[in-house]
Structure formats: structure tokens, C-alpha cells
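One file, structure-v1.csv, carrying CSV, C-alpha atoms:
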chain,number,residue,atom,x,y,z
A,1,MET,CA,40.6,-9.1,48.5
A,2,LYS,CA,42.1,-7.3,51.4
A,3,SER,CA,43.1,-4.3,49.2
A,4,LEU,CA,39.6,-4.2,47.7
A,5,ARG,CA,38.1,-4.0,51.2
A,6,LEU,CA,40.4,-1.2,52.1
A,7,LEU,CA,39.5,0.6,48.8
A,8,ALA,CA,35.7,0.4,49.3
A,9,PRO,CA,35.4,3.0,52.1
A,10,VAL,CA,37.6,5.4,50.1
A,11,LEU,CA,35.4,4.9,47.0
A,12,PHE,CA,32.2,5.3,49.1
A,13,GLY,CA,33.5,8.5,50.6
A,14,ALA,CA,34.4,9.9,47.2
A,15,MET,CA,30.9,9.0,46.0
A,16,VAL,CA,29.3,10.8,49.0
A,17,SER,CA,31.5,13.8,48.4
A,18,VAL,CA,30.5,14.0,44.7
A,19,SER,CA,26.9,13.5,45.6
A,20,GLY,CA,27.1,16.3,48.2
A,21,CYS,CA,28.7,18.7,45.6
A,22,SER,CA,26.0,17.9,43.1
A,23,SER,CA,23.3,18.6,45.7
A,24,SER,CA,25.0,21.8,46.7
A,25,ASP,CA,25.3,22.9,43.1
A,26,SER,CA,21.6,22.2,42.5
A,27,GLN,CA,20.7,24.3,45.6
A,28,GLU,CA,22.9,27.1,44.4
A,29,GLU,CA,21.3,27.0,40.9
A,30,LYS,CA,17.9,27.2,42.4
A,31,ALA,CA,18.9,30.2,44.5
A,32,VAL,CA,20.3,32.0,41.4
A,33,LEU,CA,17.1,31.4,39.4
A,34,ALA,CA,15.0,32.6,42.3
A,35,ASN,CA,16.7,36.0,42.2
A,36,MET,CA,16.2,36.5,38.5
A,37,GLY,CA,13.4,38.5,36.7
A,38,ALA,CA,11.4,37.1,33.8
A,39,GLN,CA,13.6,38.5,31.0
A,40,GLN,CA,16.8,37.4,32.8
A,41,LEU,CA,15.4,33.9,33.2
A,42,TYR,CA,14.3,33.8,29.5
A,43,ASP,CA,17.7,35.1,28.3
A,44,ARG,CA,19.5,32.4,30.4
A,45,ALA,CA,17.3,29.7,29.0
A,46,LYS,CA,17.9,30.8,25.4
A,47,GLN,CA,21.6,30.8,26.1
A,48,SER,CA,21.4,27.2,27.4
A,49,MET,CA,19.4,26.2,24.3
A,50,GLU,CA,21.9,27.8,21.9
A,51,VAL,CA,24.8,25.7,23.4
A,52,GLY,CA,22.6,22.5,23.4
A,53,ASN,CA,22.1,22.3,27.1
A,54,PHE,CA,18.4,21.6,26.9
A,55,SER,CA,18.2,20.0,30.4
A,56,ALA,CA,19.3,23.3,31.9
A,57,ALA,CA,17.1,25.3,29.6
A,58,ALA,CA,14.1,23.2,30.6
A,59,GLN,CA,14.9,23.8,34.3
A,60,THR,CA,15.0,27.5,33.8
A,61,LEU,CA,12.0,27.7,31.5
A,62,SER,CA,10.0,25.6,34.0
A,63,ALA,CA,10.9,28.0,36.8
A,64,LEU,CA,9.9,30.9,34.6
A,65,ASP,CA,6.6,29.3,33.6
A,66,SER,CA,5.8,28.7,37.2
A,67,ARG,CA,6.6,32.2,38.4
A,68,TYR,CA,5.1,34.1,35.5
A,69,PRO,CA,2.3,31.9,34.0
A,70,PHE,CA,0.5,34.8,32.4
A,71,GLY,CA,3.4,37.2,31.5
A,72,PRO,CA,4.1,38.6,28.1
A,73,LEU,CA,6.6,35.8,27.5
A,74,SER,CA,4.3,33.0,28.6
A,75,HIS,CA,3.4,31.5,25.2
A,76,GLN,CA,7.0,31.5,23.9
A,77,VAL,CA,8.2,30.1,27.2
A,78,GLN,CA,5.8,27.2,26.9
A,79,LEU,CA,6.8,26.5,23.3
A,80,ASP,CA,10.5,26.6,24.1
A,81,LEU,CA,9.8,24.4,27.1
A,82,ILE,CA,8.1,21.8,24.8
A,83,TYR,CA,11.2,21.7,22.6
A,84,SER,CA,13.7,21.6,25.6
A,85,TYR,CA,11.8,18.8,27.2
A,86,TYR,CA,11.7,16.9,23.9
A,87,LYS,CA,15.5,17.4,23.3
A,88,SER,CA,16.1,16.3,26.9
A,89,GLY,CA,14.2,13.0,26.3
A,90,LYS,CA,11.6,13.8,28.9
A,91,THR,CA,8.6,12.3,27.1
A,92,SER,CA,6.0,12.7,29.9
A,93,GLU,CA,6.9,16.3,30.5
A,94,THR,CA,6.9,17.1,26.8
A,95,LEU,CA,3.4,15.6,26.2
A,96,ALA,CA,2.0,17.2,29.4
A,97,THR,CA,3.3,20.6,28.3
A,98,ILE,CA,2.0,20.2,24.8
A,99,ASP,CA,-1.5,19.2,26.0
A,100,ARG,CA,-1.6,22.1,28.4
A,101,PHE,CA,-0.6,24.6,25.7
A,102,VAL,CA,-3.2,23.2,23.3
A,103,ARG,CA,-5.9,23.3,25.9
A,104,LEU,CA,-5.2,26.8,27.0
A,105,ASN,CA,-4.4,28.3,23.6
A,106,PRO,CA,-6.6,26.5,21.0
A,107,ASN,CA,-6.4,29.4,18.5
A,108,HIS,CA,-2.7,30.3,18.9
A,109,SER,CA,-0.8,30.8,15.7
A,110,ASP,CA,1.7,28.1,16.7
A,111,ILE,CA,-0.8,25.5,17.5
A,112,ASP,CA,0.3,23.5,14.5
A,113,TYR,CA,3.8,23.4,15.9
A,114,ALA,CA,2.4,21.9,19.1
A,115,TYR,CA,0.6,19.1,17.2
A,116,TYR,CA,3.8,18.5,15.2
A,117,MET,CA,5.9,18.2,18.4
A,118,ARG,CA,3.3,15.9,19.8
A,119,GLY,CA,3.7,13.6,16.8
A,120,LEU,CA,7.5,13.7,17.0
A,121,THR,CA,7.4,12.9,20.7
A,122,ASN,CA,5.1,9.9,20.4
A,123,MET,CA,7.1,8.7,17.4
A,124,GLU,CA,10.3,9.0,19.3
A,125,THR,CA,8.8,7.1,22.3
A,126,ASP,CA,8.0,4.1,20.0
A,127,SER,CA,11.6,3.8,18.8
A,128,ASN,CA,14.2,1.8,20.8
A,129,LEU,CA,17.7,3.2,20.4
A,130,PHE,CA,19.4,0.0,21.7
A,131,GLN,CA,17.6,-2.1,19.2
A,132,GLU,CA,18.4,0.3,16.3
A,133,LEU,CA,22.1,0.3,17.3
A,134,MET,CA,22.1,-3.5,17.4
A,135,SER,CA,20.1,-3.8,14.2
A,136,ILE,CA,17.4,-5.8,16.0
A,137,ASP,CA,14.0,-5.7,14.3
A,138,ARG,CA,11.3,-5.7,17.0
A,139,ALA,CA,8.3,-5.0,14.8
A,140,ASP,CA,6.1,-7.1,17.2
A,141,ARG,CA,6.4,-4.5,20.0
A,142,ASP,CA,3.3,-2.6,21.0
A,143,PRO,CA,2.7,0.1,18.3
A,144,SER,CA,0.3,2.2,20.4
A,145,GLN,CA,2.7,5.2,20.5
A,146,SER,CA,3.1,5.0,16.7
A,147,ARG,CA,-0.7,5.1,16.4
A,148,GLU,CA,-0.8,8.2,18.6
A,149,ALA,CA,1.9,9.8,16.5
A,150,PHE,CA,-0.1,9.0,13.3
A,151,GLU,CA,-3.2,10.7,14.7
A,152,ASP,CA,-1.2,13.7,15.8
A,153,PHE,CA,0.2,14.2,12.3
A,154,ARG,CA,-3.1,13.4,10.7
A,155,ARG,CA,-4.8,16.1,12.8
A,156,LEU,CA,-2.1,18.6,11.9
A,157,ILE,CA,-2.5,18.0,8.2
A,158,GLN,CA,-6.3,18.0,8.3
A,159,GLN,CA,-6.7,21.1,10.4
A,160,TYR,CA,-3.6,23.0,9.1
A,161,PRO,CA,-2.9,21.9,5.6
A,162,ASP,CA,-0.8,25.0,4.8
A,163,SER,CA,1.4,24.5,7.9
A,164,LYS,CA,5.1,24.5,7.2
A,165,TYR,CA,5.2,21.3,9.2
A,166,ALA,CA,2.6,19.5,7.0
A,167,ALA,CA,5.0,18.2,4.4
A,168,ASP,CA,7.3,16.5,6.9
A,169,ALA,CA,4.3,15.2,8.8
A,170,LYS,CA,3.1,13.4,5.6
A,171,LYS,CA,6.5,11.8,5.2
A,172,ARG,CA,6.5,10.6,8.8
A,173,MET,CA,3.0,9.2,8.4
A,174,LEU,CA,4.2,7.0,5.6
A,175,HIS,CA,7.0,5.8,7.8
A,176,ILE,CA,4.5,5.1,10.6
A,177,LYS,CA,2.2,3.2,8.3
A,178,ASP,CA,5.1,0.9,7.3
A,179,ARG,CA,5.8,0.4,11.0
A,180,LEU,CA,2.2,-0.5,11.7
A,181,ALA,CA,2.1,-2.8,8.7
A,182,ARG,CA,5.3,-4.6,9.9
A,183,TYR,CA,3.6,-5.1,13.3
A,184,GLU,CA,0.6,-6.8,11.5
A,185,ILE,CA,3.0,-9.0,9.5
A,186,ALA,CA,4.9,-10.0,12.7
A,187,ILE,CA,1.6,-11.0,14.4
A,188,ALA,CA,0.5,-12.9,11.3
A,189,ARG,CA,3.7,-14.9,11.3
A,190,PHE,CA,3.2,-15.7,15.0
A,191,TYR,CA,-0.2,-17.1,14.1
A,192,MET,CA,1.3,-19.1,11.3
A,193,ARG,CA,3.8,-20.7,13.7
A,194,ARG,CA,0.8,-21.6,15.9
A,195,GLN,CA,-1.1,-22.9,12.9
A,196,ALA,CA,-3.8,-20.4,13.5
A,197,TYR,CA,-4.2,-19.9,9.7
A,198,VAL,CA,-7.5,-18.0,9.8
A,199,ALA,CA,-6.1,-15.4,12.1
A,200,ALA,CA,-2.9,-15.2,10.0
A,201,ALA,CA,-4.9,-14.7,6.8
A,202,ASN,CA,-7.0,-12.0,8.4
A,203,ARG,CA,-3.9,-10.1,9.4
A,204,GLY,CA,-2.5,-10.3,5.9
A,205,ARG,CA,-5.8,-9.0,4.5
A,206,TYR,CA,-5.8,-6.2,7.0
A,207,VAL,CA,-2.4,-5.0,5.6
A,208,ILE,CA,-3.8,-5.1,2.1
A,209,GLU,CA,-6.8,-3.1,3.0
A,210,HIS,CA,-5.3,-0.5,5.3
A,211,PHE,CA,-1.6,-0.2,4.3
A,212,PRO,CA,-1.6,-0.8,0.5
A,213,ASP,CA,1.1,1.8,0.0
A,214,THR,CA,3.7,0.1,2.3
A,215,THR,CA,6.6,-2.3,1.7
A,216,GLN,CA,4.7,-5.1,3.5
A,217,VAL,CA,2.1,-5.8,0.9
A,218,GLN,CA,4.1,-8.7,-0.7
A,219,GLN,CA,4.6,-10.4,2.6
A,220,ALA,CA,0.9,-10.0,3.4
A,221,LEU,CA,-0.1,-11.6,0.1
A,222,GLU,CA,2.3,-14.5,0.6
A,223,ILE,CA,0.9,-15.1,4.1
A,224,MET,CA,-2.6,-15.1,2.6
A,225,VAL,CA,-1.6,-17.6,-0.1
A,226,SER,CA,0.0,-19.9,2.4
A,227,SER,CA,-2.8,-19.7,5.0
A,228,TYR,CA,-5.6,-20.3,2.5
A,229,GLU,CA,-3.6,-23.3,1.1
A,230,GLN,CA,-3.4,-24.7,4.6
A,231,LEU,CA,-7.2,-24.1,5.1
A,232,GLY,CA,-8.1,-25.7,1.8
A,233,LEU,CA,-9.7,-22.4,0.6
A,234,ASN,CA,-8.6,-22.7,-3.0
A,235,ASP,CA,-10.6,-19.9,-4.5
A,236,LEU,CA,-9.3,-17.4,-1.9
A,237,LYS,CA,-5.8,-18.8,-2.4
A,238,ASP,CA,-6.0,-18.4,-6.2
A,239,ASN,CA,-7.2,-14.8,-5.9
A,240,ALA,CA,-4.4,-13.9,-3.6
A,241,MET,CA,-1.9,-15.7,-5.9
A,242,LYS,CA,-3.2,-13.7,-8.9
A,243,THR,CA,-2.7,-10.5,-7.1
A,244,LEU,CA,0.8,-11.6,-6.0
A,245,LYS,CA,1.8,-12.6,-9.5
A,246,LEU,CA,0.5,-9.3,-10.9
A,247,ASN,CA,2.3,-7.1,-8.4
A,248,PHE,CA,5.3,-9.2,-7.3
A,249,PRO,CA,6.2,-11.5,-10.2
A,250,SER,CA,9.6,-12.3,-8.6
A,251,SER,CA,8.1,-13.7,-5.3
A,252,ASP,CA,9.4,-17.1,-4.2
A,253,PHE,CA,5.8,-18.2,-3.7
A,254,ILE,CA,5.2,-18.1,-7.5
A,255,SER,CA,6.3,-21.3,-9.1
Render the structure in this file as C-alpha cells.
Amino acid sequence: MKSLRLLAPVLFGAMVSVSGCSSSDSQEEKAVLANMGAQQLYDRAKQSMEVGNFSAAAQTLSALDSRYPFGPLSHQVQLDLIYSYYKSGKTSETLATIDRFVRLNPNHSDIDYAYYMRGLTNMETDSNLFQELMSIDRADRDPSQSREAFEDFRRLIQQYPDSKYAADAKKRMLHIKDRLARYEIAIARFYMRRQAYVAAANRGRYVIEHFPDTTQVQQALEIMVSSYEQLGLNDLKDNAMKTLKLNFPSSDFIS
């Protein structure tokens, strides 16, 4: 214990020293950027992007955007800033920059890219890296960001069907639909555990009606069969069972 107490001031001093260096470096970086012209700043940002240092690129591009908001490089700077923020994991800054670009340049030739990046950003926000690494399925988490991403991709496809991003956007929409369907199934199972069978059946039917091309249809039908059986609604149960037998003959619910 005595040695630890003696060590603490040393560690604290080291931390202060490192912090002081970091602050000094930041000030020096700002001073360097302040003395650069537009083309120099842009070249510096591109170099940072090329080596994967997107945080530094975003800092340089942000300074460039602030100092030369209407310069000849302004549009490209904003597009690169969107990407740099996205790669740096700065969601709020990415979305704000995208929305500003769309608002100020509604007819720009790269507006489809802005919508595509908006979809990617919202989609990324919905994912949870820790849960994915640990193989934990949290389909019951709020899917609002996935819905936003779906709308972003839908808007892109509808307004710019020939965009080079359209094909990937369609694939991502299918993935999002499955995510939204899994959310409905998770909520339906919650209602089943609470014996709220009407609500559970309604969630199952919602999946059938809105997400018929997802992997969750079988579970939706099984939930409907079980819920209608509990409610004594035999006609509805039989109809759901017929559909289940026709499409998923190997289901455990079929006996």
C-alpha cells in the first residue's frame, strides 16, 4: 500500500505531462492550419485520407470549409468531410454535414452520394459493435435509426434509379427490412410471455403484411397460430396453419 501511495503522484505527474503535450500539439496543429491556403489545406486533408487518418482529415477539411465556404473547392470539401466524419465514427457531424450539403446543393451531381452516405450513417448508428462481437442478438432495441436508413435508401432509389449507389442501396434495404421484422418478432414474443395474445398476433400479422420477403415470416406465422389457439379463434388459427404448412412444411408447429 505504501509503495502504491508513493507511485500515485508519479503517475499523476506523468498524466499531466502527457496531457500538456497533447494540448500543445493541438495548438501547434491549429497554428499550422491557420497559415495554410485553400489548396494547401485540401492537399493536406487528402494526404490524411490516403493514409487512413480520417480524424485529422476531418479537422483539416472542417477548417477549410469554415475559412472558404464558397471557394472553388467547397463542394468537394464538403463531400470529403462527410466521408471523413463517417469513417471517424462522428455520426452527428456526418448527418449535419450531409443535411447542409443537400439543403444548399439540391441539384448537385453528387446529391445521390449524399443520400447514400446518410443511409450508411443511420444504418451504422443502429448497429452495436460490442453486441456483434459477443454474438448477442438485441433485435428488441429501438429500430428508429434503421427506419431512417431505409427511408434514405428508398429516396435514393426513387429519385436516382440510375445512380451507381442504387444497387447497393437495394441490398441494404433488404437487410434493414429483416432487421425491422426481427424487431416485430421480438416484441411479439414479449407479448406472448405476458399472455397478451391479441397484441402478439397483430405483430405477427404485421410482419406478414409488411415484410413478406424476409426470413422472419415463418416465426410470424407460428406466433399467429399459437396466439389464435390461445384466444380460441379457430378459423384464424386454421388459416395461419394452412399458410404455414404451404410455405414451411418442416415447421415444428406442424404435427
Write out as a short mmCIF file (atom, residue, chain, number, x, y, z; two decimals) with C-alpha atoms, in the frame of the given file which residues come within 12 Å of range 101-111 of chain A when counting only C-alpha atoms, dropping same-chain ones fewer than 6 positions away.
data_model
loop_
_atom_site.label_atom_id
_atom_site.label_comp_id
_atom_site.auth_asym_id
_atom_site.auth_seq_id
_atom_site.Cartn_x
_atom_site.Cartn_y
_atom_site.Cartn_z
CA ASP A 65 6.60 29.30 33.60
CA PRO A 69 2.30 31.90 34.00
CA PHE A 70 0.50 34.80 32.40
CA SER A 74 4.30 33.00 28.60
CA HIS A 75 3.40 31.50 25.20
CA GLN A 76 7.00 31.50 23.90
CA VAL A 77 8.20 30.10 27.20
CA GLN A 78 5.80 27.20 26.90
CA LEU A 79 6.80 26.50 23.30
CA ASP A 80 10.50 26.60 24.10
CA LEU A 81 9.80 24.40 27.10
CA ILE A 82 8.10 21.80 24.80
CA THR A 94 6.90 17.10 26.80
CA LEU A 95 3.40 15.60 26.20
CA MET A 117 5.90 18.20 18.40
CA ARG A 118 3.30 15.90 19.80
CA ASP A 152 -1.20 13.70 15.80
CA ARG A 155 -4.80 16.10 12.80
CA LEU A 156 -2.10 18.60 11.90
CA GLN A 159 -6.70 21.10 10.40
CA TYR A 160 -3.60 23.00 9.10
CA SER A 163 1.40 24.50 7.90
CA LYS A 164 5.10 24.50 7.20
CA TYR A 165 5.20 21.30 9.20
#
Take CA of Val51 in chain A and CA of Gly89 in chain A and report the distance between them in Å, one decimal.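 Here the two named atoms are 16.8 Å from each other.
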Which residue out of A:Phe248, A:Arg193, A:Ile208, A:Thr214 has the minimum interatomic distance to Ser226 in chain A when all atoms listed in the file are used? A:Arg193
When you look at Arg189 in chain A with a cut-off of 12 Å (counting all atoms listed in the file), what residues show up, excluding the ones that are within fewer than 5 positions of it in the same chain? I need them as a PyMOL selection string. chain A and resi 139-140+182-184+194-204+219-220+222-224+226-227
Fewer than 2 positions away in the same chain doesn't count, so skip those; otherwise give me all residues within 7 Å of range 234-241 of chain A, counting only C-alpha atoms, as a PyMOL selection string. chain A and resi 221+224-225+228-229+232+243-245
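Take the candidates A:Gln158, A:Ser251, A:Thr121, A:Ser62 and check each one against Thr91 in chain A using all atoms listed in the file; the shortest distance goes to A:Thr121.
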When distances are computed from all atoms listed in the file, which of A:Asp213, A:Glu151, A:Asp126, A:Glu50 shows the smallest separation from Ala169 in chain A?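 Of A:Asp213, A:Glu151, A:Asp126, A:Glu50, the one nearest Ala169 in chain A, counting all atoms listed in the file, is A:Glu151.
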Grab the CA of Tyr68 in chain A to CA of Tyr116 in chain A distance for me, in Å with one decimal place.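 Computed distance, CA of Tyr68 in chain A to CA of Tyr116 in chain A, equals 25.6 Å.
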